[in-house]
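For reference, the structure discussed in these notes is given below.
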Amino acid sequence: MKITQITVHQVDLPLREGTYSWSGGQSIRLYDSTAVRIRTDAGLIGHGEVCPLGPAYLPAYANGVRTGLAELAPHLLGQDPRRLGVINRVMDQHLKGHPYVKSALDIACWDILGLSCGVPVSTLLSGCQGEAVKCYRAISQDTPERMVERVAVCRGEGHHHFQIKVGGNADLDIARIRAVASSLKPGEVLVADANTSWLPHQAARVVRAIEDIDLYLEQPCLGYGECLGIRRRTSRPFILDEIIDGPAMLLRAHADQAMDVVNIKLSKVGGLTVARQMRDFCVAMGIAMTIEDSGGSDIVTAAIAHLAHSTPEAFRFSSSDVNGCNTLSIADGGPQHRGGYIKAPTGAGLGVTPYLDVLGKAVLTIA
């Protein structure tokens, strides 16, 4: 089997909330998503998707995806998409870094592998475990009162795991955390996510002020050393996200006892192939995980669900239905949260069928 054509599609995904805001004054009003279709000489077509959270969250941006694909895709023509190790080595050989560019291509190749075997991708990733996967809901940065209101809305939709966006003024962040924490129901989980934006002195003030609150603290500072310093100043469970960008950093953080939970974003590490490696390392090392991505719709949510649902339940801290954050569906069969949970699709491959009219005319065709 050989790759004969790769097409690239751009899709705007309006947000359900209108605007999504996080630390550092960053916000977006829509996702700029990129979908790829990989066609083979066997008649199988695989699909992938990648969607950065704007240009200033991670070192990734939407136009960079499509520019990178124009550079990289020609080198995959003639390759067997089922040989995932070879595919990833070819991509690394011809484009150094830029894992987010490679993510959609890697996911599409997993889709083809599943289709060729007649099994869901989750089966190839070790098989579904448990009935469903718990999802968190991110609460956009706002006033304490409005964040409490938003938590109540999400609770009404079935969510019981909330990640509130902090990382601004320390005093206001303390008020945000206290307000939301006081509104929680028994059994609900609270994560305060600063998205790298506190300076160490601000983070030190916050962690001291909230030591009496049962919550998880996520990625308080930009650098690894600063996060490790704050980790050693608090007894709260600690999550690392943005700085865990591959297996090497994961192993370093584990050796330093730098976190209790790690967030694995597919596009941050280059797709399902590397994310699966990191997942398996975490299981071996006893680290809980949130398996997710930075944005997107049905295709990337399916990929997330396959990896998360095939992860042992004891190691699943949470996951994310990123397609639940926007108003436009781009494929049939994408996982939808039910009572705060999602399930991996049961069809072969990713188990989703893109709406070609929604994807629209290709912005790039490589053949």
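Quick note on naming: the chains in the structure tokens go A, B, ... in the order shown, residues restart at 1 in each chain, and ligands are numbered from 1 in order of appearance.
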Write out as JSON, numbers by chain which residues come within 6 Å of region 268-283 of chain A when counting only C-alpha atoms, dropping same-chain ones fewer than 4 positions away.
{"A": [99, 100, 102, 103, 106, 107, 245, 246, 247, 287]}
Taking the DSSP assignment computed from this structure's backbone, write out as an MDAnalysis selection string all residues of region 45-75 of chain A that belong to helix (DSSP H, G or I).
chainID A and resid 62:75
Within 10 Å of Thr143 (chain A) using only C-alpha atoms, minus same-chain residues under 6 positions, as a compact mmCIF listing (two decimals) with N, CA, C and O atoms, in the first residue's frame:
# COMPACT_ATOMS: atom_id res chain seq x y z
N GLU A 149 -20.57 30.98 37.88
CA GLU A 149 -21.75 30.76 37.05
C GLU A 149 -21.47 29.76 35.94
O GLU A 149 -22.31 28.90 35.63
N LEU A 172 -6.41 38.46 42.51
CA LEU A 172 -7.63 38.10 41.80
C LEU A 172 -7.70 36.59 41.58
O LEU A 172 -8.78 35.98 41.70
N ASP A 173 -6.56 35.97 41.30
CA ASP A 173 -6.55 34.51 41.11
C ASP A 173 -6.91 33.78 42.40
O ASP A 173 -7.62 32.77 42.38
N ALA A 175 -8.88 34.92 44.65
CA ALA A 175 -10.33 35.10 44.76
C ALA A 175 -11.08 34.16 43.82
O ALA A 175 -12.13 33.60 44.19
N ARG A 176 -10.57 34.01 42.59
CA ARG A 176 -11.19 33.08 41.64
C ARG A 176 -11.21 31.67 42.20
O ARG A 176 -12.24 30.97 42.15
N ALA A 179 -13.60 31.31 45.21
CA ALA A 179 -15.01 31.40 44.83
C ALA A 179 -15.48 30.10 44.20
O ALA A 179 -16.54 29.56 44.55
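Take the candidates A:Leu356, A:Arg83, A:Ile291, A:Gln257 and check each one against Val36 (chain A) using only C-alpha atoms; the shortest distance goes to A:Leu356.
The smallest atom-to-atom distance between Tyr355 (chain A) and any of A:Val11, A:Cys117, A:Val65, A:Cys154, using only C-alpha atoms, is found for A:Val11.
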State, in Å with one decimal place, the distance from CA of Asp298 (chain A) to CA of Ile45 (chain A).
16.4 Å
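Residues in contact with His306 (chain A) at 9 Å, where only C-alpha atoms are counted and same-chain residues fewer than 5 positions away are skipped, are listed as A:Pro120, A:Val121, A:Ser122, A:Thr123, A:Leu125, A:Gly127, A:Cys128, A:Thr301, A:Thr311, A:Lys343, A:Ala344, A:Pro345, A:Leu350.
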Interatomic distance, CA of Thr353 (chain A) to CA of Gly333 (chain A) (Å, one decimal):
6.6 Å
Compile the contact shell of Cys51 (chain A) as a PyMOL selection string: residues with an atom at most 8 Å away, counting only C-alpha atoms, same-chain residues fewer than 2 positions apart removed.
chain A and resi 31-34+49+53+62+294-296
Now that the selection is made, can you save its residues with N, CA and C atoms as a short mmCIF file (atom, residue, chain, number, x, y, z; two decimals), in the first residue's frame?
data_model
loop_
_atom_site.label_atom_id
_atom_site.label_comp_id
_atom_site.auth_asym_id
_atom_site.auth_seq_id
_atom_site.Cartn_x
_atom_site.Cartn_y
_atom_site.Cartn_z
N TYR A 31 -11.67 28.53 16.51
CA TYR A 31 -10.55 27.67 16.20
C TYR A 31 -10.28 27.73 14.69
N ASP A 32 -9.03 27.82 14.31
CA ASP A 32 -8.60 27.71 12.92
C ASP A 32 -8.00 26.31 12.77
N SER A 33 -8.82 25.38 12.26
CA SER A 33 -8.43 23.97 12.24
C SER A 33 -7.99 23.54 10.84
N THR A 34 -7.10 22.55 10.81
CA THR A 34 -6.61 21.98 9.55
C THR A 34 -6.87 20.49 9.54
N GLU A 49 -6.45 15.64 11.90
CA GLU A 49 -6.81 17.03 12.19
C GLU A 49 -5.85 17.58 13.23
N LEU A 53 -4.24 26.33 19.58
CA LEU A 53 -5.05 27.28 20.35
C LEU A 53 -4.49 28.68 20.12
N ALA A 62 -1.78 28.22 13.24
CA ALA A 62 -2.57 27.57 12.19
C ALA A 62 -1.92 27.69 10.81
N SER A 294 -5.06 20.62 21.95
CA SER A 294 -5.27 22.04 22.19
C SER A 294 -6.55 22.58 21.56
N GLY A 295 -7.12 21.86 20.61
CA GLY A 295 -8.36 22.31 19.97
C GLY A 295 -8.71 21.40 18.82
N GLY A 296 -9.83 21.71 18.17
CA GLY A 296 -10.24 20.93 17.01
C GLY A 296 -11.68 20.51 17.07
#
So which residues of region 71-235 of chain A fall under strand (DSSP E) by DSSP, listed as an NGL selection string?
:A and (133-134 or 137-139 or 161-165 or 189-193 or 216-218)
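Distances to Asn326 (chain A) were evaluated for A:Leu95, A:Leu15, A:Ala192, A:Ile6 using only C-alpha atoms, and the minimum falls at A:Leu15.
Residues in contact with Ala152 (chain A) at up to 12 Å, not including ones fewer than 2 positions away on its chain and judged by only C-alpha atoms, are Arg137, Ile139, Glu145, Arg146, Met147, Val148, Glu149, Arg150, Cys154, Arg155, Gly156, Glu157, Gly158, His159, His160, His161, Phe162, Val180, Ala181, Ser183, Leu184, Lys185 and Glu188 of chain A.
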Which residue, A:Phe315, A:Leu58, A:Gly78, A:Arg233, has the smallest gap to Lys265 (chain A) when you use only C-alpha atoms?
A:Leu58
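Among the candidates A:Leu44, A:Tyr20, A:Pro312, A:Met249, the one nearest to Gly118 (chain A) when counting only C-alpha atoms is A:Leu44.
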For Glu292 (chain A), work out the shell of residues within 8 Å, counting only C-alpha atoms and skipping chain neighbours fewer than 2 positions away, then give it as a ChimeraX atom specification.
/A:263-266,290,294,301,304,319-322
